[in-house]
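> What follows is a structure written as structure tokens; I'll ask about it next.
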Amino acid sequence: MNLIMPPEEEKIISQTRREPRVESREPNPDALPSALDSRTSTASISALTVKNLSIYFGKNQVLKSVSLEVQARAVTAIIGPSGCGKSTFLRALNRMHELVPEARMTGEIRLFGEDIYAGRVEPVIVRRRVGMVFQKSNPFPTMSIADNVTVGLRLNGVRARATLVDRMEKSLRMAALWDEVKDRLHAPAISLSGGQQQRLCIARALAVQPEVLLMDEPASALDPLATAKIEDLILELKKDFTIVIVTHNMQQAARISDFTAFLYLGELIEFDATRKIFTSPARKQTEDYVTGRFG
Amino acid sequence: MMNQADSIVPESMATAQPPAVRQLGDRVFKWLTLLMALSVFALIVLVGFELWRGSHLALQKFGWRFLSSSEWDPVNEQFGALPFIFGTVVSSLIALLIAVPLSIASAVFLTELAPPWLRQPLTVFIELLAAVPSVILGLWGIFVMVPWLREHLFLWLRSALGFLPLFQGPIYGVSFLAGGIIIAIMIVPIITSVSREILRSVPGLQREAAYALGATRWEVTRIAVLSYAKKGLFGAVILGLGRALGETMAVTMVIGNNPQIAPSLFAPGYTLASVIANEFNEATGDVYRSGLFEIGLVLLGVTILVNAAAQLLLKTFGGAGAKPQ
């Protein structure tokens, strides 16, 4: 196998795995059942396998043969200076980059063993299983809080009112927003604060029960308090979901991720357990970047 | 010798003044723009006032009866505007019914679906349609469209939908429906290009939000684009309606110019704008001319009323947050 992961993988994972935070937290009772079905409980199974991924926009190659494994029920952070291909990498994982005209890719991405670029696979199905949260919160402004959460389900044909209400509450609880909005579920989504809107977007993504959640700098537009809430939420969510997060903020990567990939100019420089990346990286470039010497 | 504080503390702001010329420029700028803005308002008031003054005689003679009477008899100097109001409203409604789906669908295609190589030429052509002079469209209407309507579409409509009073009666070709269709052709470009701008202003992030939930293209358009833009689109439609109500030349050439209120869309009609254009030359009597002035006043009134109603509708049903940010 063509893994970048070092052989002592298991050991590092057990070292870097955070202890559950203080007052926490039995397995989340709100966890969506079908989201759990698709995984086993062992920690080391890989959710996404990326092999020799190259992406071109027209003649411009933005990713150069990137290979890595995203482990299930863990947080994988993608770091690197602006323009290094972080967001493109993230978007390739749910085929969002195809929305850019003239985008081309080579290589392979497998989601729990299944090739997401296989001829018969519809991007619509991939995106339902690999959800996404964006840098700037983007609730649908004409919809209420409740409708924003259930819109994905309704698109997927769920009509039963009881199911919708039930899923909405569960998703909002998982996004740690329920207590703040339960009394005004029918208020417009844009009446929420910036941090709440971002958590609403997370709830919206969770409601369709994805297996993987991609986050593109989800806290970069938020103040420190709202950021802390999102980070706590990510740590909570990784018990049930696989999370890949792009971040500019090195401290954030160190705080919340189990694995870190460092991209530079479209190349994967290093991919390892987060602790290793931040304490004893194998490559000089990685060290220079994480210590703030460039970037 | 200067001490250190002197060199650090700057000159007091109370005494510092920008150069007088720049201050003057600011003031001139403000008043000039205010004047320009007010002149639009003044123009409308002036137009309304002149129409009111011109229609003085008719107002005195007929009073409110002018609005409810169907009589139009220049020989006996009996005038009523009802058939013309009817013709204007009906032909405009037909135009909207045809033009709105067509325009919004075109705008959606241009912004959401069209490949880049098709987008530019199509946009140019649609805008070119707006540049076709009204009278030329009218000529085309008389010689091409009306015969075709008479010999094909109207016959087909009558056999398919003839159970409705709307599609019964003799077919002349020139008719409310022909007038409505020609107006539709004329307002499609304006509604399309305004809608296109509105749709283009919908942030890409809204579309991505929908795509990321596993929405298909149509679903993205529906939940992220159209619902976000609905207020703006409504505005585009109102702009088109304003044009439709006042459209004169091409309609005059195909609507039949017969002041009547008929249930059938195949019947010839008359509009407020058309009667002014057609009869102003021959309006020799004072009351006759005054009647035409009052027709103009009514047209202005109908236009304002429709716009006000639309604004009200928008406020009532627009819903919170529907306004593009």
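Chain labels follow the order of the structure tokens: the first chain is A, the next B, and so on; residue numbering restarts at 1 in every chain, and ligands are counted from 1 in their shown order.
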Name the residues of range 74-210 of chain A that fall into strand (DSSP E or B) according to DSSP on the backbone, using the chain letters and numbers of this document, as a VMD selection string.
chain A and resid 75 to 79 103 to 111 114 to 115 130 to 133 144 188
> Just the selected residues (C-alpha atoms), exported as a PDB file, in the first residue's frame, please.

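Resulting contents of selection05.pdb:
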```pdb
ATOM      1  CA  VAL A  75     -10.091  15.255  12.694  1.00  0.00           C
ATOM      2  CA  THR A  76      -7.654  15.746   9.856  1.00  0.00           C
ATOM      3  CA  ALA A  77      -6.370  19.293   9.402  1.00  0.00           C
ATOM      4  CA  ILE A  78      -5.014  20.637   6.136  1.00  0.00           C
ATOM      5  CA  ILE A  79      -2.596  23.509   6.637  1.00  0.00           C
ATOM      6  CA  ALA A 103     -11.367  21.788 -13.767  1.00  0.00           C
ATOM      7  CA  ARG A 104      -9.689  18.461 -14.454  1.00  0.00           C
ATOM      8  CA  MET A 105      -8.401  15.783 -12.120  1.00  0.00           C
ATOM      9  CA  THR A 106      -6.351  12.626 -12.243  1.00  0.00           C
ATOM     10  CA  GLY A 107      -5.869  10.107  -9.500  1.00  0.00           C
ATOM     11  CA  GLU A 108      -8.312   8.385  -7.253  1.00  0.00           C
ATOM     12  CA  ILE A 109     -10.401   9.139  -4.192  1.00  0.00           C
ATOM     13  CA  ARG A 110     -12.188   6.371  -2.356  1.00  0.00           C
ATOM     14  CA  LEU A 111     -14.856   6.855   0.279  1.00  0.00           C
ATOM     15  CA  GLU A 114     -15.722   3.134  -3.090  1.00  0.00           C
ATOM     16  CA  ASP A 115     -14.340   5.260  -5.913  1.00  0.00           C
ATOM     17  CA  VAL A 130     -19.605  14.094   2.201  1.00  0.00           C
ATOM     18  CA  GLY A 131     -21.053  17.302   3.625  1.00  0.00           C
ATOM     19  CA  MET A 132     -19.408  20.687   3.655  1.00  0.00           C
ATOM     20  CA  VAL A 133     -19.240  23.808   5.807  1.00  0.00           C
ATOM     21  CA  SER A 144     -36.488  29.959   8.689  1.00  0.00           C
ATOM     22  CA  PRO A 188     -35.496  33.846   9.692  1.00  0.00           C
TER      23      PRO A 188
END
```
> Give me, as a list of chain:residue names, the residues of range 280-314 of chain B that a backbone DSSP run labels alpha helix (DSSP H).
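Here are the alpha helix (DSSP H) residues of range 280-314 of chain B: B:Asp286, B:Val287, B:Tyr288, B:Arg289, B:Ser290, B:Gly291, B:Leu292, B:Phe293, B:Glu294, B:Ile295, B:Gly296, B:Leu297, B:Val298, B:Leu299, B:Leu300, B:Gly301, B:Val302, B:Thr303, B:Ile304, B:Leu305, B:Val306, B:Asn307, B:Ala308, B:Ala309, B:Ala310, B:Gln311, B:Leu312, B:Leu313, B:Leu314.
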> Neighbouring residues of Trp52 in chain B were defined as those with any atom within 10 Å, considering only C-alpha atoms; residues of the same chain fewer than 6 positions away were excluded. Please report them as a PDB file with N, CA and C atoms, in the first residue's frame.

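Contents of the output file around-v1.pdb:
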```pdb
ATOM      1  N   LEU B  46     -44.966  68.003 -12.690  1.00  0.00           N
ATOM      2  CA  LEU B  46     -45.261  68.933 -13.768  1.00  0.00           C
ATOM      3  C   LEU B  46     -46.099  68.254 -14.850  1.00  0.00           C
ATOM      4  N   ALA B  58     -62.920  68.367 -19.854  1.00  0.00           N
ATOM      5  CA  ALA B  58     -63.534  67.038 -19.774  1.00  0.00           C
ATOM      6  C   ALA B  58     -63.858  66.682 -18.331  1.00  0.00           C
ATOM      7  N   LEU B  59     -62.950  67.033 -17.435  1.00  0.00           N
ATOM      8  CA  LEU B  59     -63.181  66.750 -16.015  1.00  0.00           C
ATOM      9  C   LEU B  59     -64.467  67.415 -15.549  1.00  0.00           C
ATOM     10  N   SER B 290     -59.641  67.829 -24.802  1.00  0.00           N
ATOM     11  CA  SER B 290     -59.586  67.730 -23.343  1.00  0.00           C
ATOM     12  C   SER B 290     -59.804  66.284 -22.895  1.00  0.00           C
ATOM     13  N   PHE B 293     -56.651  64.467 -23.286  1.00  0.00           N
ATOM     14  CA  PHE B 293     -55.764  64.808 -22.165  1.00  0.00           C
ATOM     15  C   PHE B 293     -56.123  63.986 -20.934  1.00  0.00           C
ATOM     16  N   GLU B 294     -57.430  63.862 -20.718  1.00  0.00           N
ATOM     17  CA  GLU B 294     -57.839  63.116 -19.532  1.00  0.00           C
ATOM     18  C   GLU B 294     -57.469  61.640 -19.671  1.00  0.00           C
ATOM     19  N   GLY B 296     -54.816  60.631 -21.052  1.00  0.00           N
ATOM     20  CA  GLY B 296     -53.410  60.642 -20.619  1.00  0.00           C
ATOM     21  C   GLY B 296     -53.300  60.644 -19.110  1.00  0.00           C
ATOM     22  N   LEU B 297     -54.149  61.452 -18.468  1.00  0.00           N
ATOM     23  CA  LEU B 297     -54.146  61.526 -17.002  1.00  0.00           C
ATOM     24  C   LEU B 297     -54.487  60.160 -16.407  1.00  0.00           C
ATOM     25  N   VAL B 298     -55.491  59.502 -17.007  1.00  0.00           N
ATOM     26  CA  VAL B 298     -55.890  58.173 -16.534  1.00  0.00           C
ATOM     27  C   VAL B 298     -54.734  57.193 -16.691  1.00  0.00           C
TER      28      VAL B 298
END
```
> Compute the set of chain A residues within 10 Å of chain B, using only C-alpha atoms, and express it as a compact mmCIF listing (two decimals) with N, CA and C atoms, in the first residue's frame.

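Listed below is the output, iface.txt:
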```
# COMPACT_ATOMS: atom_id res chain seq x y z
N ARG A 91 -12.25 20.45 -1.70
CA ARG A 91 -13.38 20.39 -2.62
C ARG A 91 -13.35 19.17 -3.52
N ASN A 94 -15.48 16.12 -2.16
CA ASN A 94 -16.91 15.91 -2.43
C ASN A 94 -17.28 16.41 -3.83
N ARG A 95 -16.30 16.47 -4.70
CA ARG A 95 -16.50 16.81 -6.10
C ARG A 95 -17.06 18.20 -6.30
N MET A 96 -16.84 19.09 -5.31
CA MET A 96 -17.30 20.47 -5.49
C MET A 96 -16.42 21.22 -6.49
N LEU A 99 -17.45 22.25 -10.07
CA LEU A 99 -18.29 23.39 -10.42
C LEU A 99 -17.48 24.47 -11.13
N PRO A 101 -15.49 25.74 -14.09
CA PRO A 101 -15.31 25.28 -15.46
C PRO A 101 -13.83 24.99 -15.72
N GLU A 122 -22.88 9.61 -9.21
CA GLU A 122 -23.36 10.97 -9.40
C GLU A 122 -22.75 11.87 -8.33
N PRO A 123 -22.25 13.07 -8.72
CA PRO A 123 -21.72 13.98 -7.70
C PRO A 123 -22.75 14.31 -6.63
N VAL A 124 -24.03 14.34 -7.02
CA VAL A 124 -25.09 14.65 -6.06
C VAL A 124 -25.09 13.66 -4.89
N ILE A 125 -24.83 12.39 -5.21
CA ILE A 125 -24.82 11.37 -4.15
C ILE A 125 -23.56 11.52 -3.29
N VAL A 126 -22.44 11.80 -3.94
CA VAL A 126 -21.20 11.98 -3.19
C VAL A 126 -21.35 13.11 -2.19
N ARG A 127 -21.96 14.21 -2.64
CA ARG A 127 -22.07 15.39 -1.78
C ARG A 127 -23.04 15.16 -0.64
N ARG A 128 -23.99 14.25 -0.82
CA ARG A 128 -24.88 13.96 0.28
C ARG A 128 -24.14 13.17 1.37
N ARG A 129 -23.16 12.39 0.95
CA ARG A 129 -22.43 11.59 1.93
C ARG A 129 -21.21 12.29 2.48
N VAL A 130 -20.74 13.30 1.73
CA VAL A 130 -19.60 14.09 2.20
C VAL A 130 -20.06 15.55 2.27
N GLY A 131 -20.48 15.96 3.46
CA GLY A 131 -21.05 17.30 3.63
C GLY A 131 -19.97 18.36 3.72
N MET A 132 -20.41 19.62 3.67
CA MET A 132 -19.41 20.69 3.66
C MET A 132 -19.91 21.91 4.41
N VAL A 133 -18.97 22.54 5.12
CA VAL A 133 -19.24 23.81 5.81
C VAL A 133 -18.22 24.81 5.29
N PHE A 134 -18.68 26.03 5.03
CA PHE A 134 -17.83 26.98 4.32
C PHE A 134 -17.23 28.03 5.25
N GLN A 135 -16.30 28.77 4.69
CA GLN A 135 -15.60 29.80 5.44
C GLN A 135 -16.56 30.86 5.99
N LYS A 136 -17.45 31.32 5.09
CA LYS A 136 -18.42 32.31 5.51
C LYS A 136 -19.73 31.56 5.68
N SER A 137 -20.43 31.85 6.77
CA SER A 137 -21.70 31.13 6.97
C SER A 137 -22.65 31.52 5.85
N ASN A 138 -23.37 30.53 5.34
CA ASN A 138 -24.27 30.82 4.21
C ASN A 138 -25.62 30.15 4.37
N PRO A 139 -26.35 30.52 5.45
CA PRO A 139 -27.72 30.00 5.54
C PRO A 139 -28.56 30.57 4.41
N PHE A 140 -29.64 29.88 4.07
CA PHE A 140 -30.53 30.43 3.05
C PHE A 140 -31.37 31.54 3.69
N PRO A 141 -31.21 32.77 3.24
CA PRO A 141 -31.80 33.90 3.97
C PRO A 141 -33.32 33.94 3.92
N THR A 142 -33.93 33.30 2.91
CA THR A 142 -35.38 33.37 2.84
C THR A 142 -36.05 32.29 3.67
N MET A 143 -35.23 31.40 4.24
CA MET A 143 -35.82 30.29 4.99
C MET A 143 -35.67 30.52 6.50
N SER A 144 -36.57 29.89 7.24
CA SER A 144 -36.49 29.96 8.69
C SER A 144 -35.34 29.08 9.17
N VAL A 151 -33.76 21.44 4.91
CA VAL A 151 -33.85 21.58 3.45
C VAL A 151 -33.17 20.41 2.73
N GLY A 152 -32.05 19.96 3.26
CA GLY A 152 -31.35 18.86 2.62
C GLY A 152 -32.16 17.57 2.63
N LEU A 153 -32.85 17.37 3.76
CA LEU A 153 -33.70 16.17 3.86
C LEU A 153 -34.85 16.25 2.87
N LEU A 155 -34.92 17.86 0.12
CA LEU A 155 -34.39 17.62 -1.23
C LEU A 155 -34.26 16.13 -1.49
N ASN A 156 -33.94 15.39 -0.43
CA ASN A 156 -33.76 13.96 -0.61
C ASN A 156 -35.06 13.18 -0.45
N ALA A 187 -38.10 31.74 13.12
CA ALA A 187 -37.52 33.05 12.79
C ALA A 187 -36.60 32.88 11.60
N PRO A 188 -36.40 33.96 10.84
CA PRO A 188 -35.50 33.85 9.69
C PRO A 188 -34.08 33.51 10.14
N ALA A 189 -33.40 32.71 9.34
CA ALA A 189 -32.06 32.26 9.70
C ALA A 189 -31.10 33.43 9.86
N ILE A 190 -31.34 34.50 9.09
CA ILE A 190 -30.36 35.58 9.16
C ILE A 190 -30.57 36.47 10.38
N SER A 191 -31.55 36.12 11.24
CA SER A 191 -31.68 36.89 12.47
C SER A 191 -30.68 36.39 13.51
N CYS A 201 -25.28 26.31 9.89
CA CYS A 201 -24.81 25.67 8.65
C CYS A 201 -24.25 24.29 8.94
N ARG A 204 -27.23 22.10 9.37
CA ARG A 204 -27.80 21.83 8.05
C ARG A 204 -27.01 20.71 7.35
N ALA A 205 -25.68 20.78 7.49
CA ALA A 205 -24.86 19.74 6.86
C ALA A 205 -25.05 18.39 7.55
N LEU A 206 -25.23 18.42 8.88
CA LEU A 206 -25.36 17.17 9.63
C LEU A 206 -26.71 16.48 9.37
N ALA A 207 -27.72 17.30 9.07
CA ALA A 207 -29.08 16.75 8.98
C ALA A 207 -29.21 15.67 7.91
N VAL A 208 -28.43 15.76 6.85
CA VAL A 208 -28.54 14.74 5.81
C VAL A 208 -27.68 13.52 6.14
N PRO A 210 -24.30 12.90 6.76
CA PRO A 210 -23.12 12.57 5.95
C PRO A 210 -22.18 11.68 6.74
N LEU A 214 -16.63 18.12 5.62
CA LEU A 214 -15.50 18.94 5.20
C LEU A 214 -15.73 20.35 5.72
```
> Let me make sure I understand: among B:Arg196, B:Arg53, B:His152, B:Arg27, which one has the smallest atom-to-atom distance to Ser103 in chain B if we use only C-alpha atoms?
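The shortest atom-to-atom distance to Ser103 in chain B comes from B:Arg196.
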> Pick out the residues sitting within 9 Å of Phe86 in chain B, and hand them over as an MDAnalysis selection string; count only C-alpha atoms, and ignore anything fewer than 6 positions along from it in its own chain.
chainID B and resid 260:261 269:272
